[in-house]
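S.K.: Structure file model.txt (compact mmCIF, C-alpha atoms and all ligand atoms) right here:
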# COMPACT_ATOMS: atom_id res chain seq x y z
CA MET A 192 30.09 11.50 -42.33
CA LYS A 193 31.39 13.41 -45.37
CA GLU A 194 29.24 11.30 -47.69
CA LEU A 195 26.21 11.82 -45.47
CA LEU A 196 26.63 15.59 -45.43
CA GLU A 197 26.93 15.60 -49.24
CA ARG A 198 23.80 13.50 -49.51
CA LEU A 199 21.84 15.81 -47.20
CA SER A 200 22.97 18.87 -49.18
CA ARG A 201 21.82 17.21 -52.38
CA GLU A 202 18.51 15.74 -51.21
CA LYS A 203 17.36 18.60 -48.95
CA PRO A 204 15.12 16.56 -46.64
CA GLU A 205 12.22 18.54 -45.19
CA ARG A 206 10.09 15.94 -43.38
CA ILE A 207 12.38 14.86 -40.59
CA VAL A 208 11.99 12.84 -37.40
CA ALA A 209 14.48 12.68 -34.55
CA LEU A 210 13.89 9.63 -32.34
CA THR A 211 15.81 10.21 -29.13
CA GLY A 212 16.71 8.21 -26.05
CA ALA A 213 18.61 8.70 -22.83
CA GLY A 214 21.93 9.05 -24.71
CA ILE A 215 21.01 12.51 -26.01
CA SER A 216 20.74 13.80 -22.44
CA ALA A 217 23.85 11.98 -21.18
CA GLU A 218 26.17 14.87 -22.03
CA SER A 219 23.89 17.19 -20.07
CA GLY A 220 24.64 15.05 -17.01
CA ILE A 221 21.57 12.82 -16.86
CA PRO A 222 22.52 9.15 -16.53
CA THR A 223 21.27 6.68 -19.13
CA PHE A 224 19.53 3.45 -18.13
CA ARG A 225 21.73 0.73 -19.55
CA SER A 226 25.21 2.16 -20.22
CA ALA A 227 27.98 1.76 -17.59
CA GLY A 228 26.71 3.55 -14.48
CA GLY A 229 23.19 3.54 -15.95
CA LEU A 230 20.15 3.74 -13.68
CA TRP A 231 19.09 0.14 -14.28
CA ASN A 232 22.58 -1.05 -13.32
CA THR A 233 22.25 0.78 -10.00
CA PHE A 234 18.54 0.50 -9.14
CA LYS A 235 15.98 -2.25 -9.61
CA VAL A 236 13.23 -1.53 -12.11
CA GLU A 237 10.76 -3.60 -10.09
CA ASP A 238 11.33 -1.44 -6.98
CA LEU A 239 10.90 1.93 -8.70
CA ALA A 240 9.28 1.87 -12.11
CA THR A 241 6.27 -0.43 -12.00
CA PRO A 242 2.69 0.17 -10.85
CA GLU A 243 3.17 -2.63 -8.30
CA ALA A 244 6.20 -0.87 -6.77
CA PHE A 245 4.17 2.33 -6.45
CA ALA A 246 1.26 0.47 -4.84
CA ARG A 247 3.66 -1.15 -2.33
CA ASN A 248 5.85 1.85 -1.54
CA PRO A 249 4.68 5.17 -2.97
CA ASP A 250 7.06 7.11 -0.74
CA THR A 251 10.13 5.16 -1.97
CA VAL A 252 9.09 5.65 -5.60
CA TRP A 253 8.41 9.36 -5.06
CA GLN A 254 11.75 9.83 -3.27
CA TRP A 255 13.53 8.44 -6.33
CA TYR A 256 11.47 10.54 -8.72
CA GLU A 257 12.01 13.71 -6.68
CA SER A 258 15.76 13.12 -6.81
CA ARG A 259 15.61 12.67 -10.60
CA ARG A 260 13.38 15.73 -10.95
CA ALA A 261 15.89 17.79 -8.93
CA GLN A 262 18.75 16.48 -11.08
CA ILE A 263 16.96 17.40 -14.32
CA ARG A 264 16.06 20.87 -13.03
CA GLY A 265 19.76 21.40 -12.36
CA VAL A 266 21.12 20.57 -15.84
CA GLU A 267 21.01 22.33 -19.21
CA PRO A 268 20.28 21.17 -22.76
CA ASN A 269 23.45 20.31 -24.70
CA ALA A 270 24.57 21.04 -28.26
CA ALA A 271 22.47 18.17 -29.66
CA HIS A 272 19.23 19.44 -28.09
CA HIS A 273 20.01 22.97 -29.26
CA ALA A 274 20.75 21.81 -32.81
CA LEU A 275 17.35 20.05 -33.01
CA GLY A 276 15.74 23.20 -31.61
CA ARG A 277 17.32 25.21 -34.46
CA LEU A 278 16.25 22.66 -37.04
CA GLY A 279 12.61 22.67 -35.94
CA ARG A 280 12.41 26.45 -36.12
CA HIS A 281 13.34 26.59 -39.83
CA PRO A 282 10.20 27.45 -41.83
CA ARG A 283 10.89 24.84 -44.53
CA VAL A 284 11.59 22.00 -42.14
CA ASP A 285 8.85 19.84 -40.65
CA LEU A 286 10.59 18.26 -37.64
CA THR A 287 8.97 15.94 -35.14
CA VAL A 288 11.03 15.03 -32.10
CA ILE A 289 9.92 11.69 -30.69
CA THR A 290 11.58 11.06 -27.38
CA GLN A 291 11.62 8.25 -24.87
CA ASN A 292 13.00 10.71 -22.35
CA VAL A 293 10.87 12.12 -19.57
CA ASP A 294 13.09 15.18 -19.16
CA ASP A 295 12.27 18.58 -20.67
CA LEU A 296 15.60 19.33 -22.35
CA HIS A 297 14.20 19.29 -25.91
CA GLU A 298 11.60 21.89 -24.98
CA ARG A 299 14.16 24.01 -23.13
CA ALA A 300 16.30 23.98 -26.28
CA GLY A 301 13.42 25.35 -28.32
CA SER A 302 11.84 22.24 -29.85
CA ASN A 303 8.11 22.84 -29.95
CA HIS A 304 6.87 19.62 -31.53
CA VAL A 305 7.96 16.94 -29.09
CA LEU A 306 6.15 13.66 -28.55
CA HIS A 307 7.01 12.14 -25.17
CA LEU A 308 6.41 8.42 -25.60
CA HIS A 309 7.14 7.65 -21.95
CA GLY A 310 5.48 10.69 -20.41
CA SER A 311 6.94 13.64 -18.59
CA ILE A 312 8.63 13.74 -15.20
CA PHE A 313 7.36 17.29 -14.59
CA ARG A 314 3.71 16.29 -15.04
CA VAL A 315 1.77 14.48 -12.31
CA ARG A 316 -1.47 12.51 -12.40
CA CYS A 317 -4.19 11.83 -9.85
CA CYS A 318 -4.41 8.08 -9.28
CA SER A 319 -8.20 8.07 -8.99
CA GLU A 320 -9.44 10.95 -11.16
CA GLY A 321 -6.77 10.59 -13.85
CA ASN A 322 -6.41 14.36 -14.37
CA THR A 323 -2.88 15.63 -14.99
CA PHE A 324 -1.10 18.88 -14.25
CA ASP A 325 2.39 20.33 -14.58
CA ARG A 326 4.51 20.47 -11.45
CA ARG A 327 8.19 21.36 -11.71
CA GLU A 328 8.92 22.12 -8.07
CA ALA A 329 9.40 19.48 -5.40
CA PHE A 330 6.38 18.63 -3.26
CA ASP A 331 6.43 19.48 0.45
CA VAL A 332 5.09 16.08 1.44
CA ASN A 333 5.89 12.54 0.40
CA PRO A 334 3.87 10.99 -1.11
CA PRO A 335 1.99 14.00 -2.55
CA ARG A 336 -1.78 13.92 -2.79
CA CYS A 337 -4.38 15.44 -5.06
CA ASP A 338 -6.99 17.87 -3.69
CA CYS A 339 -9.41 14.92 -3.80
CA GLY A 340 -7.23 13.08 -1.28
CA SER A 341 -5.92 10.38 -3.63
CA LEU A 342 -2.26 9.78 -4.34
CA LEU A 343 -0.55 11.68 -7.13
CA ARG A 344 1.96 9.83 -9.31
CA PRO A 345 4.51 10.97 -11.88
CA ASP A 346 2.81 11.02 -15.30
CA VAL A 347 5.35 8.64 -16.80
CA VAL A 348 4.99 5.20 -18.33
CA TRP A 349 6.10 2.42 -16.02
CA PHE A 350 7.00 -1.12 -17.03
CA GLY A 351 3.85 -3.10 -17.74
CA GLU A 352 1.84 0.01 -18.65
CA PRO A 353 0.65 0.95 -22.14
CA LEU A 354 1.85 4.06 -23.93
CA ASP A 355 -0.63 6.85 -24.61
CA LEU A 356 -2.31 5.76 -27.84
CA ASP A 357 -2.68 9.24 -29.37
CA THR A 358 1.01 9.94 -28.78
CA LEU A 359 2.03 6.60 -30.25
CA ASN A 360 -0.22 7.08 -33.29
CA ALA A 361 1.16 10.57 -33.89
CA ALA A 362 4.70 9.20 -33.60
CA SER A 363 3.98 6.34 -36.05
CA ALA A 364 2.43 8.75 -38.55
CA ALA A 365 5.43 11.09 -38.36
CA VAL A 366 7.90 8.24 -38.89
CA GLU A 367 5.91 6.81 -41.80
CA ARG A 368 6.02 10.09 -43.70
CA ALA A 369 9.59 11.03 -42.80
CA GLU A 370 12.18 11.45 -45.55
CA LEU A 371 14.90 11.34 -42.92
CA LEU A 372 14.94 9.61 -39.53
CA ILE A 373 17.75 10.40 -37.10
CA VAL A 374 17.89 7.95 -34.20
CA ILE A 375 19.95 9.41 -31.39
CA GLY A 376 21.19 7.81 -28.17
CA THR A 377 18.88 4.88 -27.66
CA SER A 378 19.75 1.25 -27.03
CA ALA A 379 16.62 0.40 -29.07
CA THR A 380 15.63 -2.28 -26.59
CA VAL A 381 12.32 -0.98 -25.25
CA TYR A 382 9.22 -1.51 -27.39
CA PRO A 383 7.08 -0.13 -28.90
CA ALA A 384 9.42 2.91 -29.00
CA ALA A 385 12.27 0.96 -30.61
CA GLY A 386 9.90 -0.51 -33.21
CA LEU A 387 9.14 2.93 -34.62
CA ALA A 388 12.53 3.05 -36.30
CA TRP A 389 11.68 -0.05 -38.34
CA MET A 390 8.66 1.69 -39.84
CA CYS A 391 10.63 4.39 -41.61
CA ARG A 392 10.69 4.28 -45.39
CA GLY A 393 13.08 7.21 -45.62
CA TYR A 394 16.82 7.41 -44.98
CA THR A 395 17.74 6.30 -41.44
CA ILE A 396 20.80 7.45 -39.55
CA GLU A 397 21.77 6.16 -36.14
CA ILE A 398 23.98 8.16 -33.78
CA ASN A 399 25.34 6.08 -30.95
CA PRO A 400 28.86 5.39 -29.64
CA VAL A 401 28.04 1.67 -29.46
CA GLU A 402 26.33 -0.92 -31.63
CA THR A 403 22.60 -1.59 -31.17
CA SER A 404 20.01 -3.82 -32.82
CA LEU A 405 19.29 -0.93 -35.20
CA THR A 406 22.86 -0.72 -36.41
CA GLY A 407 22.49 -3.21 -39.26
CA TYR A 408 19.16 -1.70 -40.27
CA ALA A 409 20.05 1.99 -40.41
CA GLN A 410 21.58 3.07 -43.71
CA LEU A 411 24.30 4.80 -41.74
CA THR A 412 25.55 4.60 -38.19
CA ILE A 413 27.67 7.38 -36.78
CA ARG A 414 29.78 6.09 -33.90
CA SER A 415 29.95 9.29 -31.98
CA THR A 416 28.24 11.19 -29.24
CA ALA A 417 25.09 13.19 -29.82
CA SER A 418 26.70 16.56 -29.17
CA ASN A 419 29.48 15.84 -31.70
CA ALA A 420 27.33 14.38 -34.45
CA VAL A 421 23.99 16.19 -34.38
CA PRO A 422 25.12 19.83 -34.88
CA PRO A 423 27.01 19.26 -38.21
CA ILE A 424 24.10 17.22 -39.57
CA VAL A 425 21.62 19.93 -38.63
CA ASP A 426 23.82 22.71 -40.00
CA THR A 427 24.07 20.87 -43.32
CA ILE A 428 20.30 20.37 -43.55
CA LEU A 429 19.73 24.03 -42.70
CA GLY A 430 22.34 25.13 -45.24
CA ALA A 431 20.61 23.04 -47.92
CA ALA A 432 17.17 24.37 -46.96
CA ASP A 433 18.44 27.94 -47.33
CA GLY A 434 20.41 27.22 -50.50
P1 LIG A 501 19.37 3.26 -22.65
O1 LIG A 501 20.07 3.58 -21.38
O2 LIG A 501 18.83 1.89 -22.81
O3 LIG A 501 20.35 3.53 -23.87
C1 LIG A 501 21.06 4.72 -23.98
C2 LIG A 501 21.88 4.66 -25.26
O4 LIG A 501 22.54 5.90 -25.40
C3 LIG A 501 22.95 3.57 -25.28
O5 LIG A 501 22.82 2.82 -26.50
C4 LIG A 501 24.26 4.36 -25.25
O6 LIG A 501 25.29 3.73 -26.02
C5 LIG A 501 23.86 5.66 -25.88
N1 LIG A 501 24.66 6.81 -25.46
C6 LIG A 501 25.32 7.01 -24.30
N2 LIG A 501 25.92 8.20 -24.29
C7 LIG A 501 25.65 8.79 -25.48
C8 LIG A 501 25.96 10.04 -26.08
N3 LIG A 501 26.71 10.95 -25.43
N4 LIG A 501 25.50 10.31 -27.32
C9 LIG A 501 24.74 9.39 -27.98
N5 LIG A 501 24.40 8.19 -27.46
C10 LIG A 501 24.85 7.89 -26.24
O7 LIG A 501 18.23 4.39 -22.84
P2 LIG A 501 16.97 4.34 -23.79
O8 LIG A 501 17.24 3.60 -25.04
O9 LIG A 501 16.47 5.73 -23.89
O10 LIG A 501 11.77 3.68 -20.21
O11 LIG A 501 15.98 3.51 -22.89
C11 LIG A 501 14.67 3.33 -23.29
C12 LIG A 501 13.75 3.28 -22.10
O12 LIG A 501 14.24 2.35 -21.13
C13 LIG A 501 13.66 4.58 -21.32
O13 LIG A 501 12.79 5.53 -21.90
C14 LIG A 501 13.14 4.11 -20.02
C15 LIG A 501 14.06 2.93 -19.81
O14 LIG A 501 13.60 1.96 -18.96
C16 LIG A 501 10.85 3.84 -19.29
O15 LIG A 501 11.10 4.36 -18.22
C17 LIG A 501 9.52 3.31 -19.67
Starting from the file, lay out its structure as structure tokens.

M.R.:
Amino acid sequence: MKELLERLSREKPERIVALTGAGISAESGIPTFRSAGGLWNTFKVEDLATPEAFARNPDTVWQWYESRRAQIRGVEPNAAHHALGRLGRHPRVDLTVITQNVDDLHERAGSNHVLHLHGSIFRVRCCSEGNTFDRREAFDVNPPRCDCGSLLRPDVVWFGEPLDLDTLNAASAAVERAELLIVIGTSATVYPAAGLAWMCRGYTIEINPVETSLTGYAQLTIRSTASNAVPPIVDTILGAADG
């Protein structure tokens, strides 16, 4: 860590990407997917996060999403989200946050350039018209319907569905031009999100308490939690940018 902080002070990176996964929100109280107690160790993907599951049982899928939406409404961004918010607000720093998370904790911590690869849990989409709108509060009925009478669904990416191409292209472009990529709290198992990290030509740091497939590839892995590791890195970059 000491060497990294010295390097950041010296090199003063300005084009920076943070690629985040469920681990960055874990310390806010949102469970990850694959760690101990993770959602996919408790629930079955094929019952809750596929278009087929929604077609079979929209009320079951919505019940699960409403419980996650309520949980996310009830938690706060942690020190890692806040540090990235500070970093993005510095006039000399060009920060893109690329997240696999569907929560809104980056935005609530002040990040204003966030690409949500897997959609947003507080946006909903009409299943026939395809129009989307923001909806934070719980619906009164389950499953909720659009004014046109068709079912509404969470505007998230389910297994077997493609990512939004514009979002993915913007994410790829940001990674390709980044001088520094900070990969935070992802198991790097879900593609194409995980593949973005491999496209970086700049310096890559991984922050994760456990080893992942990225570990050998990143120039540096910090075996720590997001809220411990991100703030000192951000403070060093900001100190260098001001120096
Ligand atoms: P995972 O649950 O697969 O991985 C979370 C990672 O965070 C693990 O590698 C943990 O070791 C790490 N972690 C846990 N606590 C941490 C902490 N406090 N600080 C830093 N890291 C910590 O979540 P993702 O990689 O985000 O997709 O999963 C990717 C996608 O799989 C999700 O976006 C979701 C899921 O299925 C869709 O829903 C399409």

S.K.: Between A:His309, A:Arg264, A:Arg277, A:Arg316, which is the closest to ligand LIG 501 (chain A) once you count all atoms listed in the file?

M.R.: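 Among the listed residues, the smallest separation from ligand LIG 501 (chain A) belongs to A:His309.
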
S.K.: Atom CA of A:Thr416 and atom N5 of ligand LIG 501 (chain A), how far apart in Å?

M.R.: 5.2 Å

S.K.: Find the distance between atom CA of A:Gly212 and atom CA of A:Arg314 and write it in Å to one decimal.

M.R.: 18.9 Å

S.K.: Name each residue within 6 Å of ligand LIG 501 (chain A), counting all atoms listed in the file, as a list in words.

M.R.: Gly212, Ala213, Gly214, Ile215, Ala217, Glu218, Thr223, Phe224, Arg225, Ser226, Gln291, Asn292, His309, Val348, Trp349, Phe350, Ile375, Gly376, Thr377, Ser378, Ala379, Val381, Ile398, Asn399, Pro400, Val401, Thr416 and Ala417 of chain A

S.K.: So that I can check the surroundings of A:Glu298, please list as an MDAnalysis selection string every protein, DNA and RNA residue that reaches within 12 Å of it, counting all atoms listed in the file and ignoring chain neighbours fewer than 4 positions away.

M.R.: chainID A and resid 267:269 272:273 275:277 279 288:290 292:294 302:307 311

S.K.: Measuring atom to atom with only C-alpha atoms, identify which of A:Ile424, A:Glu320, A:Gly220, A:Ile373 is nearest to A:Leu296.

M.R.: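 Among A:Ile424, A:Glu320, A:Gly220, A:Ile373, it is A:Gly220 that comes nearest to A:Leu296.
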